[in-house]
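Below is one structure, written out as structure tokens; the observations come after it.
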Amino acid sequence: KNGLTVIGKSFHIQFDRLTGAISQFSYKGNNLLESPLLPCFWRVPTDNDEGRNNSYASSWRKVGLDDYKIKTKQLDFVILPTGDVQVYVNNLLEFKEGNILQKANYTISHEGEVLIDAIFYINIDVLSLARVGMKCALPVEWKNLTWFGRGPHESYDDRKESAYVGIYNGIVCEQSFPHIMPQENGNKTDNRWLEIYDDFGSGIRITGKPFFNFNIQNYSDKDLNRSKKAHTLIRGEKNWLHIDYKQMGLGGDDSWSPRVHKEFLLKNKVYHYTYAIEPL
């Protein structure tokens with residue numbers, strides 16, 4: 001009735017019947033997720049995204065890229081010969097104009113590692129998706145991070161030459177950049193793995209197959225967007241994590257026309273990416 005639950009020796013993972021998403025993930029009695037792990041294709045618009053007429057941001061708002069309804073078409077499982085459990089999810093994401101079909105396989109090991117293999121079939125008419133990925137909220141106590149990718153500062157596919165690949169450490173509250181007008185910030189590209197954990201070392205590790213983008217902040221996208229008008233940003237209730245296949249480039253040749261070089265746009269009809277989450 002409530003969905004599907006996979007139970008191991010030290011973990012249990014619950015998939016919600018209405019969204020097909022991992023809604024609960026507990027390991028040794030601790031909750032690893034503060035919100036479901038859901039697809040995301042939108043970002044808080046940058047000044048360049050807003051531009052003037054026919055901007056990327058107006059294209060996103062027209063189709064309702066930041067707000068969709070989920071219809072779960074399939075939620076099923078099979079036990080593999082290895083003893084691992086594979087959960088199949090088939091979701092229709094309905095936007096104001098058009099839809100995206102999500103097909104995902106979650107392979108869950110004895111130890112509680114979850115391999116997520118997601119395909120998105122894009123059926124919306126938009127200048128470019130803002131991002132292709134998934135997001136969730138994590139416990140606020142997990143304030144430490146270590147990653148193997150570009151750093152230590154933010155990077156985007158068309159702004160990453162100065163961010164060298166290496167192993168970096170940081171804390172969540174320092175990953176944001178305080179633009180005068182609140183907007184998307186703090187992304188990290190070309191990551192092999194990321195660990196987010198509390199002061200005792202409990203948390204999660206995310207591994208790209210092969211790479212992924214991530215963005216972690218101690219505020220939600222909704223609160224960041226609201227702060228454009230409210231001029232105050234609500235921080236510190238949860239840590240919000242984006243795990244992305246890609247994010248659209250920032251552009252910046254000029255800021256009055258939709259001007260991101262075509263190789264940094266997200267205009268494909270199909271996207272496929274794979275990553276793993278495991279408890280620490």
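Labels used: A, B, ... for chains in the order of the structure tokens, numbers from 1 for residues in each chain, and numbers from 1 for ligands as shown.
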
task = Determine which residues of stretch 142-203 of chain A DSSP labels as strand (DSSP E) from the backbone of this structure, then write them out as a list in words.
result =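 Selection result, strand (DSSP E) within stretch 142-203 of chain A: Asn144, Leu145, Thr146, Trp147, Phe148, Gly149, Arg150, Gly151, Tyr164, Val165, Gly166, Ile167, Tyr168, Asn169, Gly170, Ile171, Lys188, Thr189, Asp190, Asn191, Arg192, Trp193, Leu194, Glu195, Ile196, Tyr197 and Gly203 of chain A.
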
Please produce, as a Markdown table, a per-residue contact table for stretch 91-199 of chain A versus stretch 223-227 of chain A (criterion: any atom at most 10 Å away, only C-alpha atoms considered), showing the nearest atom pair and its distance in Å to one decimal, sorted by chain then residue number.
| residue | atom | partner | partner_atom | distance |
| --- | --- | --- | --- | --- |
| A:Met181 | CA | A:Ser227 | CA | 8.8 |
| A:Pro182 | CA | A:Leu224 | CA | 6.4 |
| A:Gln183 | CA | A:Leu224 | CA | 7.0 |
| A:Glu184 | CA | A:Leu224 | CA | 8.3 |

Take the residues just selected and output them with C-alpha atoms as a PDB file, in the first residue's frame.
ATOM      1  CA  MET A 181      21.015  39.060  -6.823  1.00  0.00           C
ATOM      2  CA  PRO A 182      20.421  35.537  -5.397  1.00  0.00           C
ATOM      3  CA  GLN A 183      20.877  32.902  -8.103  1.00  0.00           C
ATOM      4  CA  GLU A 184      22.347  29.482  -8.907  1.00  0.00           C
TER       5      GLU A 184
END

message = Which residue is closest to A:Lys160? Choose from A:Leu250, A:Gly112, A:Ala137, A:Thr19 and count only C-alpha atoms.
response = A:Leu250

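In this structure, atom CA of A:Ser59 sits 27.1 Å away from atom CA of A:Ile234.
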
query = atom CA of A:Arg205 and atom CA of A:Ile277, how far apart in Å?
reply =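 Computed distance, atom CA of A:Ile277 to atom CA of A:Arg205, equals 5.7 Å.
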
task = From the DSSP assignment of the backbone, select every residue of stretch 136-269 of chain A that is helix (DSSP H, G or I), and format the answer as a list in words.
result =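 Matching residues for helix (DSSP H, G or I) in stretch 136-269 of chain A are Val172, Cys173, Glu174, Asp221, Lys222, Asp223, Leu224, Asn225, Arg226, Ser227, Lys228, Lys229, Ala230, Lys262, Glu263 and Phe264 of chain A.
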